[in-house]
Amino acid sequence: MKDNSKDIENIYDKWLGDYKKAPEDLDYIVLEKYAEVLELLARTTNSVVTVFDLYQKKHVFHSSNLGAPLGYDLENIGEKKTFLYSKMHQDDFEELNRNALLVVKLFDDLCIDEKVNYKLVNEFRMMNSSDKYVKIILQLQVLELDSNGNLWLALCIFDMAPDQKNMNEGVNSELLNYRTGKIIPFEKEQEKTVESLSKRELEVLKLVKDGFLSKEISNKLSISLHTVNTHRQKILGKLSVSNSMEAVVMASKLGLI
């Protein structure tokens, strides 16, 4: 089995890169305020709770039951979190992290109010202490934004998946708007065939991703509002999605934008 723990820093460096320059007013005392509540949440729900810092590119908090769901006693293990990374199914490892970092990039184009409405829900495989793969559900959502409204701390909650069948299935990822209940699935590239977008449709979609409204896109591209809306409808049809957010997710996943 591949030791994923050796790759995790390279993964974060590759996909987060120079995420952003951290504001000087980041106050990590906020973690102390959360710690007691998050530990209580972990004990009450039997979930593992961690906090990921996008600026430091590492988990800066984890609940004391970190290895419990998989049956590991981590008391005498130094690098507890990287030990658990090594237990991820190697076929799921990169896709799981790629999806998470894709969401980070998508969130850059959302307003502050929208950023706190979404959570990423992943299902993937990890090896337990009996050397058997089990399905895990990982939920990630905003815990803290920095003073500029950028993602700073992400709350991560690990649970055993209720459905432990079909172990041959890999990662399943969904972006959930928990205010509206809308779910945006992450399609696997090899399972998704899409009609090519035209140069103009790509221009429109990139502007949609950057947060521009149809009227603003009309002005920027010097085309009519009707033409913009026609392009937007064609984009949805070609990508087989139902709204602009899904279109941006799908196009980003396929490397179109």
# chains A, B, ... in the order shown; residues from 1 in each chain; ligands from 1
$ select_by_dssp --residues "segment 135-191 of chain A" --states "strand (DSSP E)" --output "PyMOL selection string"
chain A and resi 135-145+151-160+172-177+183-185
$ residues_around --residues "Lys132 of chain A" --least-positions-apart "6" --cutoff "12 Å" --atoms "only C-alpha atoms" --output "PDB file with N, CA and C atoms, in the first residue's frame"
ATOM      1  N   LEU A  70     -11.607   4.145  13.207  1.00  0.00           N
ATOM      2  CA  LEU A  70     -10.934   3.093  12.441  1.00  0.00           C
ATOM      3  C   LEU A  70     -10.274   2.047  13.343  1.00  0.00           C
ATOM      4  N   GLY A  71     -10.406   2.241  14.662  1.00  0.00           N
ATOM      5  CA  GLY A  71      -9.873   1.260  15.600  1.00  0.00           C
ATOM      6  C   GLY A  71      -8.403   1.404  15.920  1.00  0.00           C
ATOM      7  N   LYS A  87      -3.516   5.668   5.501  1.00  0.00           N
ATOM      8  CA  LYS A  87      -4.542   4.629   5.484  1.00  0.00           C
ATOM      9  C   LYS A  87      -5.626   4.888   4.440  1.00  0.00           C
ATOM     10  N   MET A  88      -5.553   6.008   3.734  1.00  0.00           N
ATOM     11  CA  MET A  88      -6.503   6.257   2.654  1.00  0.00           C
ATOM     12  C   MET A  88      -6.214   5.330   1.477  1.00  0.00           C
ATOM     13  N   HIS A  89      -7.264   4.895   0.824  1.00  0.00           N
ATOM     14  CA  HIS A  89      -7.100   4.100  -0.392  1.00  0.00           C
ATOM     15  C   HIS A  89      -6.347   4.940  -1.414  1.00  0.00           C
ATOM     16  N   ARG A 125     -12.592   5.672   0.833  1.00  0.00           N
ATOM     17  CA  ARG A 125     -12.218   4.455   1.539  1.00  0.00           C
ATOM     18  C   ARG A 125     -10.943   4.648   2.359  1.00  0.00           C
ATOM     19  N   MET A 126     -10.966   4.067   3.593  1.00  0.00           N
ATOM     20  CA  MET A 126      -9.780   4.030   4.436  1.00  0.00           C
ATOM     21  C   MET A 126      -9.643   2.632   5.024  1.00  0.00           C
ATOM     22  N   GLN A 164     -21.936   0.566   3.903  1.00  0.00           N
ATOM     23  CA  GLN A 164     -20.609  -0.026   3.795  1.00  0.00           C
ATOM     24  C   GLN A 164     -20.524  -1.066   2.670  1.00  0.00           C
ATOM     25  N   MET A 167     -17.506  -1.739  -2.026  1.00  0.00           N
ATOM     26  CA  MET A 167     -16.174  -1.230  -1.709  1.00  0.00           C
ATOM     27  C   MET A 167     -15.324  -0.969  -2.950  1.00  0.00           C
TER      28      MET A 167
END
$ residues_around --residues "Asn150 of chain A" --least-positions-apart "6" --cutoff "12 Å" --atoms "only C-alpha atoms" --output "list of chain:residue names"
A:Tyr19, A:Lys20, A:Lys21, A:Ala22, A:Pro23, A:Leu26, A:Asp53, A:Leu54, A:Tyr55, A:Val104, A:Lys105, A:Leu106, A:Phe107, A:Asp108, A:Asp109, A:Leu110, A:Cys111, A:Ile112, A:Asp113, A:Glu114, A:Lys115, A:Val116, A:Val142, A:Leu143, A:Glu144
$ residues_around --residues "Glu174 of chain A" --least-positions-apart "6" --cutoff "7 Å" --atoms "only C-alpha atoms" --output "MDAnalysis selection string"
chainID A and resid 120:122 183:186
$ write_last_selection --atoms "N, CA, C and O atoms" --output "mmCIF file, in the first residue's frame"
data_model
loop_
_atom_site.group_PDB
_atom_site.id
_atom_site.type_symbol
_atom_site.label_atom_id
_atom_site.label_comp_id
_atom_site.auth_asym_id
_atom_site.auth_seq_id
_atom_site.Cartn_x
_atom_site.Cartn_y
_atom_site.Cartn_z
ATOM 1 N N LEU A 120 -18.662 20.785 1.487
ATOM 2 C CA LEU A 120 -18.237 19.719 0.595
ATOM 3 C C LEU A 120 -18.373 18.403 1.342
ATOM 4 O O LEU A 120 -17.854 18.248 2.450
ATOM 5 N N VAL A 121 -19.076 17.450 0.748
ATOM 6 C CA VAL A 121 -19.287 16.140 1.360
ATOM 7 C C VAL A 121 -18.586 15.091 0.499
ATOM 8 O O VAL A 121 -18.901 14.941 -0.684
ATOM 9 N N ASN A 122 -17.625 14.393 1.081
ATOM 10 C CA ASN A 122 -16.857 13.365 0.374
ATOM 11 C C ASN A 122 -17.091 12.002 1.008
ATOM 12 O O ASN A 122 -17.143 11.885 2.237
ATOM 13 N N ILE A 183 -27.923 20.140 -4.136
ATOM 14 C CA ILE A 183 -26.721 19.326 -4.162
ATOM 15 C C ILE A 183 -26.102 19.377 -5.556
ATOM 16 O O ILE A 183 -26.786 19.171 -6.555
ATOM 17 N N ILE A 184 -24.805 19.665 -5.620
ATOM 18 C CA ILE A 184 -24.068 19.680 -6.879
ATOM 19 C C ILE A 184 -23.067 18.528 -6.852
ATOM 20 O O ILE A 184 -22.094 18.562 -6.102
ATOM 21 N N PRO A 185 -23.300 17.474 -7.650
ATOM 22 C CA PRO A 185 -22.369 16.337 -7.650
ATOM 23 C C PRO A 185 -21.119 16.642 -8.461
ATOM 24 O O PRO A 185 -21.156 17.416 -9.408
ATOM 25 N N PHE A 186 -20.015 16.030 -8.086
ATOM 26 C CA PHE A 186 -18.781 16.104 -8.866
ATOM 27 C C PHE A 186 -18.746 14.873 -9.751
ATOM 28 O O PHE A 186 -18.523 13.761 -9.274
#
$ residues_around --residues "Leu213 of chain A" --least-positions-apart "4" --cutoff "12 Å" --atoms "only C-alpha atoms" --output "VMD selection string"
chain A and resid 204 to 209 217 to 220 225 228 to 229 232 244
$ write_last_selection --atoms "all heavy atoms" --output "tab-separated table (two decimals), in the first residue's frame"
chain	number	residue	atom	x	y	z
A	204	VAL	N	-18.07	33.70	-21.73
A	204	VAL	CA	-19.22	33.98	-20.87
A	204	VAL	C	-19.10	33.22	-19.55
A	204	VAL	O	-19.30	33.79	-18.47
A	204	VAL	CB	-20.54	33.61	-21.59
A	204	VAL	CG1	-21.72	33.65	-20.62
A	204	VAL	CG2	-20.79	34.55	-22.77
A	205	LEU	N	-18.73	31.95	-19.63
A	205	LEU	CA	-18.64	31.13	-18.43
A	205	LEU	C	-17.55	31.62	-17.49
A	205	LEU	O	-17.72	31.62	-16.26
A	205	LEU	CB	-18.40	29.66	-18.81
A	205	LEU	CG	-18.45	28.66	-17.65
A	205	LEU	CD1	-19.77	28.75	-16.89
A	205	LEU	CD2	-18.25	27.24	-18.16
A	206	LYS	N	-16.44	32.06	-18.04
A	206	LYS	CA	-15.37	32.60	-17.19
A	206	LYS	C	-15.84	33.85	-16.46
A	206	LYS	O	-15.50	34.07	-15.29
A	206	LYS	CB	-14.13	32.91	-18.04
A	206	LYS	CG	-13.39	31.67	-18.52
A	206	LYS	CD	-12.24	32.02	-19.45
A	206	LYS	CE	-11.55	30.76	-19.95
A	206	LYS	NZ	-10.46	31.08	-20.92
A	207	LEU	N	-16.63	34.67	-17.13
A	207	LEU	CA	-17.15	35.88	-16.48
A	207	LEU	C	-18.19	35.51	-15.42
A	207	LEU	O	-18.28	36.16	-14.37
A	207	LEU	CB	-17.74	36.83	-17.52
A	207	LEU	CG	-16.71	37.49	-18.44
A	207	LEU	CD1	-17.40	38.25	-19.57
A	207	LEU	CD2	-15.80	38.44	-17.65
A	208	VAL	N	-18.98	34.49	-15.70
A	208	VAL	CA	-19.93	33.99	-14.69
A	208	VAL	C	-19.15	33.53	-13.46
A	208	VAL	O	-19.52	33.83	-12.32
A	208	VAL	CB	-20.78	32.84	-15.25
A	208	VAL	CG1	-21.59	32.16	-14.14
A	208	VAL	CG2	-21.73	33.36	-16.34
A	209	LYS	N	-18.07	32.78	-13.68
A	209	LYS	CA	-17.23	32.30	-12.58
A	209	LYS	C	-16.66	33.45	-11.77
A	209	LYS	O	-16.52	33.37	-10.54
A	209	LYS	CB	-16.09	31.44	-13.13
A	209	LYS	CG	-15.14	30.89	-12.07
A	209	LYS	CD	-14.05	30.05	-12.72
A	209	LYS	CE	-13.12	29.48	-11.66
A	209	LYS	NZ	-12.35	30.52	-10.97
A	217	ILE	N	-21.97	41.16	-18.14
A	217	ILE	CA	-21.31	40.39	-19.21
A	217	ILE	C	-21.66	40.97	-20.57
A	217	ILE	O	-20.81	41.09	-21.46
A	217	ILE	CB	-21.73	38.91	-19.14
A	217	ILE	CG1	-21.25	38.29	-17.82
A	217	ILE	CG2	-21.18	38.13	-20.33
A	217	ILE	CD1	-21.75	36.89	-17.58
A	218	SER	N	-22.92	41.37	-20.72
A	218	SER	CA	-23.36	42.01	-21.97
A	218	SER	C	-22.52	43.24	-22.28
A	218	SER	O	-22.06	43.43	-23.41
A	218	SER	CB	-24.84	42.39	-21.85
A	218	SER	OG	-25.24	43.19	-22.94
A	219	ASN	N	-22.30	44.07	-21.29
A	219	ASN	CA	-21.50	45.29	-21.47
A	219	ASN	C	-20.04	44.97	-21.75
A	219	ASN	O	-19.41	45.59	-22.61
A	219	ASN	CB	-21.62	46.18	-20.23
A	219	ASN	CG	-23.02	46.73	-20.05
A	219	ASN	OD1	-23.78	46.87	-21.00
A	219	ASN	ND2	-23.38	47.04	-18.81
A	220	LYS	N	-19.50	43.99	-21.05
A	220	LYS	CA	-18.09	43.66	-21.20
A	220	LYS	C	-17.79	43.09	-22.58
A	220	LYS	O	-16.74	43.38	-23.17
A	220	LYS	CB	-17.66	42.65	-20.13
A	220	LYS	CG	-17.23	43.27	-18.81
A	220	LYS	CD	-16.67	42.21	-17.88
A	220	LYS	CE	-15.86	42.85	-16.78
A	220	LYS	NZ	-14.64	43.53	-17.25
A	225	LEU	N	-28.08	41.46	-24.13
A	225	LEU	CA	-28.44	40.66	-22.96
A	225	LEU	C	-29.07	39.34	-23.39
A	225	LEU	O	-28.81	38.29	-22.78
A	225	LEU	CB	-29.41	41.46	-22.08
A	225	LEU	CG	-29.89	40.78	-20.80
A	225	LEU	CD1	-28.72	40.43	-19.89
A	225	LEU	CD2	-30.89	41.68	-20.06
A	228	VAL	N	-26.36	36.95	-24.34
A	228	VAL	CA	-25.69	36.41	-23.15
A	228	VAL	C	-26.52	35.29	-22.56
A	228	VAL	O	-26.00	34.20	-22.25
A	228	VAL	CB	-25.48	37.51	-22.09
A	228	VAL	CG1	-24.97	36.90	-20.77
A	228	VAL	CG2	-24.50	38.56	-22.59
A	229	ASN	N	-27.81	35.52	-22.39
A	229	ASN	CA	-28.67	34.50	-21.78
A	229	ASN	C	-28.79	33.26	-22.67
A	229	ASN	O	-28.89	32.14	-22.16
A	229	ASN	CB	-30.06	35.09	-21.51
A	229	ASN	CG	-30.03	36.09	-20.36
A	229	ASN	OD1	-29.21	35.97	-19.46
A	229	ASN	ND2	-30.92	37.07	-20.40
A	232	ARG	N	-25.70	31.31	-22.03
A	232	ARG	CA	-25.76	30.67	-20.72
A	232	ARG	C	-26.61	29.41	-20.77
A	232	ARG	O	-26.27	28.38	-20.17
A	232	ARG	CB	-26.27	31.64	-19.66
A	232	ARG	CG	-25.33	32.81	-19.42
A	232	ARG	CD	-25.78	33.71	-18.29
A	232	ARG	NE	-25.67	33.04	-17.00
A	232	ARG	CZ	-25.51	33.69	-15.85
A	232	ARG	NH1	-25.43	35.02	-15.84
A	232	ARG	NH2	-25.44	33.05	-14.72
A	244	SER	N	-25.83	27.80	-12.96
A	244	SER	CA	-24.50	28.35	-13.22
A	244	SER	C	-23.43	27.79	-12.29
A	244	SER	O	-22.29	27.57	-12.70
A	244	SER	CB	-24.53	29.88	-13.11
A	244	SER	OG	-25.37	30.42	-14.11
$ closest_residue --among "A:Leu66, A:Leu40, A:Ile257, A:Leu101" --to "Asp13 of chain A" --atoms "only C-alpha atoms"
A:Leu101
$ select_by_dssp --residues "segment 2-197 of chain A" --states "alpha helix (DSSP H)" --output "PyMOL selection string"
chain A and resi 8-16+29-45+80-85+90-107+112-115
$ residues_around --residues "Val49 of chain A" --least-positions-apart "5" --cutoff "9 Å" --atoms "only C-alpha atoms" --output "VMD selection string"
chain A and resid 38 to 39 41 to 42 61 to 66 155 to 158
$ write_last_selection --atoms "all heavy atoms" --output "compact mmCIF listing (two decimals), in the first residue's frame"
# COMPACT_ATOMS: atom_id res chain seq x y z
N LEU A 38 -15.56 21.99 19.92
CA LEU A 38 -15.31 20.96 18.93
C LEU A 38 -15.01 19.61 19.58
O LEU A 38 -15.41 18.56 19.07
CB LEU A 38 -14.16 21.37 18.01
CG LEU A 38 -14.41 22.62 17.15
CD1 LEU A 38 -13.20 22.93 16.29
CD2 LEU A 38 -15.65 22.45 16.29
N GLU A 39 -14.32 19.63 20.71
CA GLU A 39 -14.06 18.39 21.44
C GLU A 39 -15.37 17.80 21.97
O GLU A 39 -15.59 16.58 21.91
CB GLU A 39 -13.09 18.64 22.59
CG GLU A 39 -12.63 17.40 23.31
CD GLU A 39 -11.84 16.45 22.44
OE1 GLU A 39 -11.03 16.93 21.62
OE2 GLU A 39 -12.02 15.22 22.57
N LEU A 41 -18.31 18.28 20.61
CA LEU A 41 -19.00 17.78 19.43
C LEU A 41 -18.50 16.38 19.07
O LEU A 41 -19.29 15.48 18.78
CB LEU A 41 -18.77 18.73 18.25
CG LEU A 41 -19.28 18.26 16.88
CD1 LEU A 41 -20.80 18.14 16.89
CD2 LEU A 41 -18.83 19.24 15.79
N ALA A 42 -17.19 16.18 19.12
CA ALA A 42 -16.61 14.88 18.78
C ALA A 42 -17.07 13.80 19.76
O ALA A 42 -17.43 12.69 19.35
CB ALA A 42 -15.08 14.98 18.77
N PHE A 61 -5.97 21.69 14.44
CA PHE A 61 -6.71 21.13 15.58
C PHE A 61 -7.23 19.76 15.18
O PHE A 61 -7.62 19.53 14.04
CB PHE A 61 -7.90 22.02 15.97
CG PHE A 61 -8.86 21.36 16.95
CD1 PHE A 61 -8.63 21.44 18.31
CD2 PHE A 61 -9.95 20.63 16.50
CE1 PHE A 61 -9.48 20.81 19.21
CE2 PHE A 61 -10.82 20.00 17.38
CZ PHE A 61 -10.58 20.09 18.75
N HIS A 62 -7.21 18.83 16.12
CA HIS A 62 -7.91 17.56 15.91
C HIS A 62 -8.44 17.08 17.26
O HIS A 62 -7.82 17.27 18.30
CB HIS A 62 -7.02 16.50 15.26
CG HIS A 62 -5.83 16.09 16.07
ND1 HIS A 62 -5.90 15.18 17.10
CD2 HIS A 62 -4.53 16.47 16.01
CE1 HIS A 62 -4.71 15.00 17.64
NE2 HIS A 62 -3.86 15.77 16.99
N SER A 63 -9.61 16.46 17.24
CA SER A 63 -10.22 15.96 18.47
C SER A 63 -9.42 14.77 18.99
O SER A 63 -8.69 14.11 18.25
CB SER A 63 -11.68 15.58 18.22
OG SER A 63 -11.81 14.68 17.14
N SER A 64 -9.58 14.49 20.27
CA SER A 64 -8.77 13.46 20.92
C SER A 64 -9.09 12.05 20.45
O SER A 64 -8.32 11.13 20.69
CB SER A 64 -8.97 13.55 22.44
OG SER A 64 -10.34 13.39 22.78
N ASN A 65 -10.22 11.87 19.76
CA ASN A 65 -10.62 10.54 19.29
C ASN A 65 -10.19 10.28 17.85
O ASN A 65 -10.84 9.53 17.13
CB ASN A 65 -12.14 10.37 19.41
CG ASN A 65 -12.90 11.35 18.52
OD1 ASN A 65 -12.37 12.40 18.14
ND2 ASN A 65 -14.14 11.03 18.20
N LEU A 66 -9.10 10.88 17.43
CA LEU A 66 -8.71 10.91 16.02
C LEU A 66 -8.71 9.53 15.36
O LEU A 66 -9.19 9.37 14.25
CB LEU A 66 -7.32 11.54 15.89
CG LEU A 66 -6.83 11.86 14.48
CD1 LEU A 66 -7.75 12.86 13.80
CD2 LEU A 66 -5.41 12.40 14.50
N LEU A 155 -13.66 23.64 8.79
CA LEU A 155 -14.08 22.61 9.74
C LEU A 155 -14.22 21.29 8.99
O LEU A 155 -14.88 21.22 7.95
CB LEU A 155 -15.42 22.99 10.38
CG LEU A 155 -16.06 21.97 11.32
CD1 LEU A 155 -15.18 21.74 12.54
CD2 LEU A 155 -17.44 22.43 11.73
N CYS A 156 -13.61 20.23 9.50
CA CYS A 156 -13.65 18.91 8.87
C CYS A 156 -14.25 17.91 9.87
O CYS A 156 -13.75 17.80 10.99
CB CYS A 156 -12.25 18.44 8.48
SG CYS A 156 -11.26 19.67 7.58
N ILE A 157 -15.27 17.20 9.44
CA ILE A 157 -15.93 16.22 10.31
C ILE A 157 -15.90 14.85 9.61
O ILE A 157 -16.43 14.71 8.51
CB ILE A 157 -17.37 16.63 10.63
CG1 ILE A 157 -17.39 18.00 11.32
CG2 ILE A 157 -18.05 15.58 11.51
CD1 ILE A 157 -18.78 18.52 11.63
N PHE A 158 -15.28 13.86 10.27
CA PHE A 158 -15.14 12.51 9.74
C PHE A 158 -16.13 11.58 10.43
O PHE A 158 -16.21 11.57 11.67
CB PHE A 158 -13.73 11.96 9.98
CG PHE A 158 -12.62 12.71 9.31
CD1 PHE A 158 -12.17 13.92 9.82
CD2 PHE A 158 -12.00 12.20 8.19
CE1 PHE A 158 -11.13 14.60 9.22
CE2 PHE A 158 -10.96 12.88 7.58
CZ PHE A 158 -10.52 14.08 8.08
$ atom_distance --atom1 "atom CA of Lys238 of chain A" --atom2 "atom CA of Ser214 of chain A"
18.7 Å
$ residues_around --residues "Gly170 of chain A" --least-positions-apart "2" --cutoff "7 Å" --atoms "only C-alpha atoms" --output "number ranges by chain"
A: 92, 124, 168, 172
